[in-house]
file final08.cif (mmCIF, C-alpha atoms)
data_coords
#
loop_
_atom_site.group_PDB
_atom_site.id
_atom_site.type_symbol
_atom_site.label_atom_id
_atom_site.label_comp_id
_atom_site.auth_asym_id
_atom_site.auth_seq_id
_atom_site.Cartn_x
_atom_site.Cartn_y
_atom_site.Cartn_z
ATOM 1 C CA MET A 1 0.000 0.000 0.000
ATOM 2 C CA ALA A 2 2.709 2.466 0.976
ATOM 3 C CA ALA A 3 4.763 1.725 -2.153
ATOM 4 C CA VAL A 4 1.753 2.267 -4.404
ATOM 5 C CA ALA A 5 0.827 5.421 -2.491
ATOM 6 C CA SER A 6 4.355 6.775 -2.971
ATOM 7 C CA LYS A 7 3.928 6.351 -6.749
ATOM 8 C CA ASN A 8 0.327 7.590 -6.866
ATOM 9 C CA LYS A 9 1.194 10.860 -8.653
ATOM 10 C CA GLU A 10 3.085 8.952 -11.354
ATOM 11 C CA LEU A 11 0.140 6.574 -11.733
ATOM 12 C CA GLU A 12 -2.331 9.470 -11.909
ATOM 13 C CA ASP A 13 -0.164 11.097 -14.587
ATOM 14 C CA LEU A 14 -0.632 7.893 -16.618
ATOM 15 C CA GLY A 15 -4.402 8.196 -16.172
ATOM 16 C CA VAL A 16 -4.539 5.350 -13.654
ATOM 17 C CA GLN A 17 -7.101 5.327 -10.867
ATOM 18 C CA VAL A 18 -5.901 3.207 -7.951
ATOM 19 C CA LEU A 19 -8.383 1.416 -5.714
ATOM 20 C CA SER A 20 -7.464 -0.908 -2.882
ATOM 21 C CA MET A 21 -9.777 -3.502 -1.409
ATOM 22 C CA SER A 22 -9.682 -5.998 1.396
ATOM 23 C CA ILE A 23 -12.052 -7.913 3.595
ATOM 24 C CA ASP A 24 -11.254 -5.529 6.451
ATOM 25 C CA SER A 25 -13.928 -3.068 7.505
ATOM 26 C CA VAL A 26 -13.657 0.637 6.744
ATOM 27 C CA PHE A 27 -12.950 1.112 10.469
ATOM 28 C CA VAL A 28 -9.928 -1.220 10.311
ATOM 29 C CA HIS A 29 -8.743 0.618 7.174
ATOM 30 C CA LYS A 30 -9.042 3.927 9.006
ATOM 31 C CA MET A 31 -7.048 2.649 11.976
ATOM 32 C CA TRP A 32 -4.420 1.075 9.717
ATOM 33 C CA ASP A 33 -4.048 4.267 7.703
ATOM 34 C CA GLU A 34 -3.858 6.530 10.772
ATOM 35 C CA ASN A 35 -1.623 4.304 12.921
ATOM 36 C CA GLU A 36 0.704 2.758 10.359
ATOM 37 C CA LEU A 37 0.412 3.860 6.762
ATOM 38 C CA SER A 38 0.400 7.593 7.536
ATOM 39 C CA LYS A 39 3.808 7.096 9.174
ATOM 40 C CA MET A 40 5.119 5.633 5.904
ATOM 41 C CA VAL A 41 3.277 7.916 3.478
ATOM 42 C CA ASP A 42 2.943 11.649 4.069
ATOM 43 C CA LYS A 43 -0.764 12.409 4.608
ATOM 44 C CA GLY A 44 -1.767 8.733 4.390
ATOM 45 C CA ILE A 45 -3.131 6.740 1.489
ATOM 46 C CA PRO A 46 -4.298 9.027 -1.350
ATOM 47 C CA PHE A 47 -6.711 6.558 -2.945
ATOM 48 C CA PRO A 48 -9.869 4.761 -1.776
ATOM 49 C CA MET A 49 -9.509 1.754 0.508
ATOM 50 C CA LEU A 50 -12.638 -0.288 -0.206
ATOM 51 C CA SER A 51 -14.141 -2.915 2.053
ATOM 52 C CA ASP A 52 -15.337 -6.339 0.858
ATOM 53 C CA THR A 53 -16.189 -7.869 4.231
ATOM 54 C CA ALA A 54 -18.136 -10.783 2.730
ATOM 55 C CA GLY A 55 -15.448 -11.580 0.149
ATOM 56 C CA LYS A 56 -17.895 -11.236 -2.754
ATOM 57 C CA VAL A 57 -15.640 -9.114 -4.959
ATOM 58 C CA GLY A 58 -12.583 -11.163 -3.997
ATOM 59 C CA SER A 59 -14.475 -14.310 -5.003
ATOM 60 C CA LEU A 60 -15.321 -12.828 -8.404
ATOM 61 C CA TYR A 61 -11.649 -12.026 -8.988
ATOM 62 C CA GLY A 62 -10.436 -15.383 -7.655
ATOM 63 C CA VAL A 63 -8.465 -13.969 -4.723
ATOM 64 C CA TYR A 64 -10.776 -14.770 -1.810
ATOM 65 C CA ASP A 65 -9.666 -17.731 0.321
ATOM 66 C CA LYS A 66 -12.952 -18.797 1.880
ATOM 67 C CA SER A 67 -11.388 -21.282 4.316
ATOM 68 C CA ALA A 68 -9.098 -18.609 5.781
ATOM 69 C CA GLY A 69 -11.591 -15.767 5.353
ATOM 70 C CA VAL A 70 -9.020 -13.530 3.628
ATOM 71 C CA ASP A 71 -8.127 -12.182 0.219
ATOM 72 C CA VAL A 72 -4.725 -13.139 -1.138
ATOM 73 C CA ARG A 73 -2.835 -10.218 -2.605
ATOM 74 C CA GLY A 74 -3.823 -9.412 -6.143
ATOM 75 C CA ARG A 75 -3.209 -6.572 -8.542
ATOM 76 C CA PHE A 76 -5.451 -6.065 -11.563
ATOM 77 C CA ILE A 77 -4.891 -3.681 -14.469
ATOM 78 C CA MET A 78 -8.134 -2.771 -16.203
ATOM 79 C CA ASP A 79 -8.413 -0.793 -19.391
ATOM 80 C CA PRO A 80 -10.789 2.162 -19.813
ATOM 81 C CA ASP A 81 -13.438 -0.284 -21.067
ATOM 82 C CA GLY A 82 -13.304 -2.290 -17.803
ATOM 83 C CA ILE A 83 -11.466 -5.258 -19.366
ATOM 84 C CA ILE A 84 -8.693 -6.852 -17.291
ATOM 85 C CA GLN A 85 -5.484 -6.561 -19.306
ATOM 86 C CA GLY A 86 -3.142 -7.955 -16.673
ATOM 87 C CA TYR A 87 -3.107 -9.309 -13.164
ATOM 88 C CA GLU A 88 -0.747 -10.692 -10.586
ATOM 89 C CA VAL A 89 -1.714 -12.751 -7.554
ATOM 90 C CA LEU A 90 0.883 -13.556 -4.925
ATOM 91 C CA ALA A 91 0.782 -15.408 -1.620
ATOM 92 C CA PRO A 92 0.852 -12.998 1.370
ATOM 93 C CA PRO A 93 4.551 -13.245 2.229
ATOM 94 C CA TYR A 94 5.665 -12.031 -1.219
ATOM 95 C CA GLY A 95 5.842 -8.355 -2.091
ATOM 96 C CA ARG A 96 4.878 -6.853 -5.397
ATOM 97 C CA ASN A 97 6.819 -4.281 -7.393
ATOM 98 C CA VAL A 98 4.949 -1.054 -8.148
ATOM 99 C CA ASN A 99 7.582 -0.080 -10.736
ATOM 100 C CA GLU A 100 6.713 -3.227 -12.694
ATOM 101 C CA THR A 101 3.044 -2.287 -12.462
ATOM 102 C CA ILE A 102 3.868 1.139 -13.916
ATOM 103 C CA ARG A 103 5.914 -0.483 -16.708
ATOM 104 C CA GLN A 104 3.032 -2.808 -17.535
ATOM 105 C CA VAL A 105 0.551 0.083 -17.634
ATOM 106 C CA GLN A 106 2.894 1.941 -20.008
ATOM 107 C CA ALA A 107 3.196 -1.167 -22.209
ATOM 108 C CA PHE A 108 -0.581 -1.613 -22.245
ATOM 109 C CA GLN A 109 -1.060 2.043 -23.175
ATOM 110 C CA LYS A 110 1.510 1.756 -25.989
ATOM 111 C CA VAL A 111 -0.267 -1.257 -27.515
ATOM 112 C CA ARG A 112 -3.701 0.351 -27.084
ATOM 113 C CA GLU A 113 -2.482 3.599 -28.646
ATOM 114 C CA SER A 114 -1.174 1.638 -31.656
ATOM 115 C CA ARG A 115 -4.548 -0.124 -31.966
ATOM 116 C CA GLY A 116 -2.729 -3.460 -31.782
ATOM 117 C CA THR A 117 -0.262 -2.765 -34.590
ATOM 118 C CA GLU A 118 2.600 -2.902 -32.082
ATOM 119 C CA ALA A 119 3.492 -5.404 -29.364
ATOM 120 C CA THR A 120 5.786 -4.826 -26.405
ATOM 121 C CA PRO A 121 8.328 -7.576 -25.802
ATOM 122 C CA SER A 122 9.447 -8.770 -22.379
ATOM 123 C CA GLY A 123 10.861 -5.988 -20.257
ATOM 124 C CA TRP A 124 9.801 -3.273 -22.733
ATOM 125 C CA ARG A 125 10.015 0.292 -21.459
ATOM 126 C CA PRO A 126 8.922 3.572 -23.063
ATOM 127 C CA GLY A 127 11.329 4.599 -25.797
ATOM 128 C CA LYS A 128 12.418 1.027 -26.495
ATOM 129 C CA GLN A 129 11.687 -0.882 -29.674
ATOM 130 C CA THR A 130 8.326 -2.557 -30.154
ATOM 131 C CA LEU A 131 7.446 -5.448 -32.422
ATOM 132 C CA LYS A 132 5.101 -5.114 -35.396
ATOM 133 C CA PRO A 133 3.080 -8.361 -35.461
ATOM 134 C CA SER A 134 2.616 -9.748 -38.964
ATOM 135 C CA PRO A 135 3.173 -13.002 -40.858
ATOM 136 C CA ASP A 136 6.542 -11.542 -41.957
ATOM 137 C CA LEU A 137 7.665 -11.388 -38.308
ATOM 138 C CA VAL A 138 7.226 -15.120 -37.721
ATOM 139 C CA GLY A 139 10.633 -16.729 -37.206
ATOM 140 C CA LYS A 140 12.411 -13.366 -37.366
ATOM 141 C CA VAL A 141 11.812 -11.891 -33.907
ATOM 142 C CA TRP A 142 15.405 -12.760 -33.001
ATOM 143 C CA GLU A 143 16.641 -10.492 -35.831
ATOM 144 C CA ILE A 144 14.698 -7.514 -34.482
ATOM 145 C CA TRP A 145 14.845 -7.854 -30.725
ATOM 146 C CA SER A 146 17.503 -9.194 -28.415
ATOM 147 C CA ILE A 147 17.154 -10.193 -24.775
ATOM 148 C CA ASP A 148 19.757 -7.569 -23.884
ATOM 149 C CA GLU A 149 17.367 -4.856 -25.065
ATOM 150 C CA ALA A 150 15.008 -5.688 -22.199
ATOM 151 C CA PHE A 151 17.646 -5.251 -19.526
ATOM 152 C CA ASP A 152 19.811 -2.329 -20.637
#

call {"tool": "encode", "arguments": {"input": "final08.cif", "output": "structure tokens"}}
result
Amino acid sequence: MAAVASKNKELEDLGVQVLSMSIDSVFVHKMWDENELSKMVDKGIPFPMLSDTAGKVGSLYGVYDKSAGVDVRGRFIMDPDGIIQGYEVLAPPYGRNVNETIRQVQAFQKVRESRGTEATPSGWRPGKQTLKPSPDLVGKVWEIWSIDEAFD
């Protein structure tokens, strides 16, 4: 939460609206924000913390563990049409990387902007080469894109 909150301005600049949700009540969220998160993030969490106490939304997204009565940690990227374009679900002990979320949003926006005429290879970042899917590309991706490109 704190990591995402620290990048909220960057996400907003990309047109992203962040929402968080858990099975905790709004009262627990308030206490958590005031007693912990506000010490990590100046002025607390800048986006809505939604409550799904019955696990209904978590069940729809496949992150609610009914036997434990908790949601596992999930991150969903939805496009402006409400279609999920990417998601990541991790067990509770494993942290996510908000910078990777930002990179994925940028990649999604690049492909959407191109109306599907471009694809972003693994590790793509703004300013890096994209692929132009076509029958002519089949068997020739290696000529256009190298693995080093993703990590420079």

call {"tool": "closest_atom_pairs", "arguments": {"input": "final08.cif", "of": "segment 83-109 of chain A", "to": "segment 53-64 of chain A", "cutoff": "10 Å", "atoms": "only C-alpha atoms", "output": "tab-separated table"}}
result
residue	atom	partner	partner_atom	distance
A:Tyr87	CA	A:Tyr61	CA	9.9
A:Val89	CA	A:Val63	CA	7.4
A:Leu90	CA	A:Val63	CA	9.4
A:Ala91	CA	A:Val63	CA	9.9

call {"tool": "atom_distance", "arguments": {"input": "final08.cif", "atom1": "atom CA of Lys9 of chain A", "atom2": "atom CA of Val98 of chain A"}}
result
12.5 Å

call {"tool": "residues_around", "arguments": {"input": "final08.cif", "residues": "segment 130-141 of chain A", "least_positions_apart": "2", "cutoff": "9 Å", "atoms": "all atoms listed in the file", "output": "PyMOL selection string"}}
result
chain A and resi 116-121+124+127-128+143-146

call {"tool": "atom_distance", "arguments": {"input": "final08.cif", "atom1": "atom CA of Asp79 of chain A", "atom2": "atom CA of Glu10 of chain A"}}
result
17.1 Å

call {"tool": "atom_distance", "arguments": {"input": "final08.cif", "atom1": "atom CA of Ile23 of chain A", "atom2": "atom CA of Asp65 of chain A"}}
result
10.6 Å

call {"tool": "build_atoms", "arguments": {"input": "final08.cif", "residues": "segment 72-107 of chain A", "atoms": "N, CA and C atoms", "output": "PDB file, keeping the file's coordinate frame"}}
result
ATOM      1  N   VAL A  72      -6.160 -13.124  -0.868  1.00  0.00           N
ATOM      2  CA  VAL A  72      -4.725 -13.139  -1.138  1.00  0.00           C
ATOM      3  C   VAL A  72      -4.433 -11.872  -1.931  1.00  0.00           C
ATOM      4  N   ARG A  73      -3.179 -11.490  -1.978  1.00  0.00           N
ATOM      5  CA  ARG A  73      -2.835 -10.218  -2.605  1.00  0.00           C
ATOM      6  C   ARG A  73      -2.903 -10.317  -4.125  1.00  0.00           C
ATOM      7  N   GLY A  74      -3.692  -9.446  -4.698  1.00  0.00           N
ATOM      8  CA  GLY A  74      -3.823  -9.412  -6.143  1.00  0.00           C
ATOM      9  C   GLY A  74      -3.759  -7.991  -6.651  1.00  0.00           C
ATOM     10  N   ARG A  75      -3.258  -7.863  -7.877  1.00  0.00           N
ATOM     11  CA  ARG A  75      -3.209  -6.572  -8.542  1.00  0.00           C
ATOM     12  C   ARG A  75      -3.797  -6.778  -9.933  1.00  0.00           C
ATOM     13  N   PHE A  76      -4.755  -5.936 -10.289  1.00  0.00           N
ATOM     14  CA  PHE A  76      -5.451  -6.065 -11.563  1.00  0.00           C
ATOM     15  C   PHE A  76      -5.335  -4.762 -12.333  1.00  0.00           C
ATOM     16  N   ILE A  77      -4.955  -4.852 -13.597  1.00  0.00           N
ATOM     17  CA  ILE A  77      -4.891  -3.681 -14.469  1.00  0.00           C
ATOM     18  C   ILE A  77      -6.065  -3.787 -15.430  1.00  0.00           C
ATOM     19  N   MET A  78      -6.954  -2.801 -15.335  1.00  0.00           N
ATOM     20  CA  MET A  78      -8.134  -2.771 -16.203  1.00  0.00           C
ATOM     21  C   MET A  78      -7.994  -1.622 -17.187  1.00  0.00           C
ATOM     22  N   ASP A  79      -8.456  -1.854 -18.391  1.00  0.00           N
ATOM     23  CA  ASP A  79      -8.413  -0.793 -19.391  1.00  0.00           C
ATOM     24  C   ASP A  79      -9.614   0.140 -19.208  1.00  0.00           C
ATOM     25  N   PRO A  80      -9.672   1.223 -19.965  1.00  0.00           N
ATOM     26  CA  PRO A  80     -10.789   2.162 -19.813  1.00  0.00           C
ATOM     27  C   PRO A  80     -12.157   1.549 -20.102  1.00  0.00           C
ATOM     28  N   ASP A  81     -12.177   0.400 -20.777  1.00  0.00           N
ATOM     29  CA  ASP A  81     -13.438  -0.284 -21.067  1.00  0.00           C
ATOM     30  C   ASP A  81     -13.826  -1.284 -19.974  1.00  0.00           C
ATOM     31  N   GLY A  82     -13.014  -1.374 -18.904  1.00  0.00           N
ATOM     32  CA  GLY A  82     -13.304  -2.290 -17.803  1.00  0.00           C
ATOM     33  C   GLY A  82     -12.824  -3.713 -18.036  1.00  0.00           C
ATOM     34  N   ILE A  83     -11.995  -3.925 -19.043  1.00  0.00           N
ATOM     35  CA  ILE A  83     -11.466  -5.258 -19.366  1.00  0.00           C
ATOM     36  C   ILE A  83     -10.130  -5.441 -18.649  1.00  0.00           C
ATOM     37  N   ILE A  84      -9.964  -6.566 -17.959  1.00  0.00           N
ATOM     38  CA  ILE A  84      -8.693  -6.852 -17.291  1.00  0.00           C
ATOM     39  C   ILE A  84      -7.645  -7.170 -18.339  1.00  0.00           C
ATOM     40  N   GLN A  85      -6.579  -6.379 -18.356  1.00  0.00           N
ATOM     41  CA  GLN A  85      -5.484  -6.561 -19.306  1.00  0.00           C
ATOM     42  C   GLN A  85      -4.297  -7.283 -18.675  1.00  0.00           C
ATOM     43  N   GLY A  86      -4.232  -7.284 -17.359  1.00  0.00           N
ATOM     44  CA  GLY A  86      -3.142  -7.955 -16.673  1.00  0.00           C
ATOM     45  C   GLY A  86      -3.473  -8.102 -15.206  1.00  0.00           C
ATOM     46  N   TYR A  87      -2.918  -9.127 -14.598  1.00  0.00           N
ATOM     47  CA  TYR A  87      -3.107  -9.309 -13.164  1.00  0.00           C
ATOM     48  C   TYR A  87      -1.954 -10.115 -12.602  1.00  0.00           C
ATOM     49  N   GLU A  88      -1.778  -9.957 -11.301  1.00  0.00           N
ATOM     50  CA  GLU A  88      -0.747 -10.692 -10.586  1.00  0.00           C
ATOM     51  C   GLU A  88      -1.330 -11.039  -9.226  1.00  0.00           C
ATOM     52  N   VAL A  89      -1.234 -12.296  -8.862  1.00  0.00           N
ATOM     53  CA  VAL A  89      -1.714 -12.751  -7.554  1.00  0.00           C
ATOM     54  C   VAL A  89      -0.553 -13.462  -6.871  1.00  0.00           C
ATOM     55  N   LEU A  90      -0.225 -12.985  -5.680  1.00  0.00           N
ATOM     56  CA  LEU A  90       0.883 -13.556  -4.925  1.00  0.00           C
ATOM     57  C   LEU A  90       0.419 -13.979  -3.542  1.00  0.00           C
ATOM     58  N   ALA A  91       1.058 -15.001  -2.995  1.00  0.00           N
ATOM     59  CA  ALA A  91       0.782 -15.408  -1.620  1.00  0.00           C
ATOM     60  C   ALA A  91       1.228 -14.262  -0.690  1.00  0.00           C
ATOM     61  N   PRO A  92       0.588 -14.134   0.471  1.00  0.00           N
ATOM     62  CA  PRO A  92       0.852 -12.998   1.370  1.00  0.00           C
ATOM     63  C   PRO A  92       2.308 -12.694   1.704  1.00  0.00           C
ATOM     64  N   PRO A  93       3.205 -13.655   1.833  1.00  0.00           N
ATOM     65  CA  PRO A  93       4.551 -13.245   2.229  1.00  0.00           C
ATOM     66  C   PRO A  93       5.361 -12.551   1.133  1.00  0.00           C
ATOM     67  N   TYR A  94       4.876 -12.537  -0.108  1.00  0.00           N
ATOM     68  CA  TYR A  94       5.665 -12.031  -1.219  1.00  0.00           C
ATOM     69  C   TYR A  94       5.205 -10.636  -1.631  1.00  0.00           C
ATOM     70  N   GLY A  95       6.144  -9.728  -1.703  1.00  0.00           N
ATOM     71  CA  GLY A  95       5.842  -8.355  -2.091  1.00  0.00           C
ATOM     72  C   GLY A  95       5.750  -8.194  -3.590  1.00  0.00           C
ATOM     73  N   ARG A  96       4.992  -7.193  -3.977  1.00  0.00           N
ATOM     74  CA  ARG A  96       4.878  -6.853  -5.397  1.00  0.00           C
ATOM     75  C   ARG A  96       5.808  -5.688  -5.693  1.00  0.00           C
ATOM     76  N   ASN A  97       5.939  -5.364  -6.977  1.00  0.00           N
ATOM     77  CA  ASN A  97       6.819  -4.281  -7.393  1.00  0.00           C
ATOM     78  C   ASN A  97       5.996  -3.246  -8.140  1.00  0.00           C
ATOM     79  N   VAL A  98       5.776  -2.091  -7.529  1.00  0.00           N
ATOM     80  CA  VAL A  98       4.949  -1.054  -8.148  1.00  0.00           C
ATOM     81  C   VAL A  98       5.599  -0.513  -9.413  1.00  0.00           C
ATOM     82  N   ASN A  99       6.923  -0.533  -9.503  1.00  0.00           N
ATOM     83  CA  ASN A  99       7.582  -0.080 -10.736  1.00  0.00           C
ATOM     84  C   ASN A  99       7.253  -0.996 -11.901  1.00  0.00           C
ATOM     85  N   GLU A 100       7.115  -2.290 -11.643  1.00  0.00           N
ATOM     86  CA  GLU A 100       6.713  -3.227 -12.694  1.00  0.00           C
ATOM     87  C   GLU A 100       5.260  -2.974 -13.089  1.00  0.00           C
ATOM     88  N   THR A 101       4.433  -2.636 -12.138  1.00  0.00           N
ATOM     89  CA  THR A 101       3.044  -2.287 -12.462  1.00  0.00           C
ATOM     90  C   THR A 101       3.020  -1.079 -13.389  1.00  0.00           C
ATOM     91  N   ILE A 102       3.802  -0.064 -13.078  1.00  0.00           N
ATOM     92  CA  ILE A 102       3.868   1.139 -13.916  1.00  0.00           C
ATOM     93  C   ILE A 102       4.359   0.779 -15.317  1.00  0.00           C
ATOM     94  N   ARG A 103       5.398  -0.065 -15.399  1.00  0.00           N
ATOM     95  CA  ARG A 103       5.914  -0.483 -16.708  1.00  0.00           C
ATOM     96  C   ARG A 103       4.841  -1.212 -17.505  1.00  0.00           C
ATOM     97  N   GLN A 104       4.081  -2.070 -16.839  1.00  0.00           N
ATOM     98  CA  GLN A 104       3.032  -2.808 -17.535  1.00  0.00           C
ATOM     99  C   GLN A 104       1.919  -1.880 -18.014  1.00  0.00           C
ATOM    100  N   VAL A 105       1.559  -0.896 -17.209  1.00  0.00           N
ATOM    101  CA  VAL A 105       0.551   0.083 -17.634  1.00  0.00           C
ATOM    102  C   VAL A 105       1.061   0.827 -18.870  1.00  0.00           C
ATOM    103  N   GLN A 106       2.318   1.240 -18.856  1.00  0.00           N
ATOM    104  CA  GLN A 106       2.894   1.941 -20.008  1.00  0.00           C
ATOM    105  C   GLN A 106       2.887   1.051 -21.254  1.00  0.00           C
ATOM    106  N   ALA A 107       3.208  -0.225 -21.085  1.00  0.00           N
ATOM    107  CA  ALA A 107       3.196  -1.167 -22.209  1.00  0.00           C
ATOM    108  C   ALA A 107       1.766  -1.334 -22.731  1.00  0.00           C
TER     109      ALA A 107
END
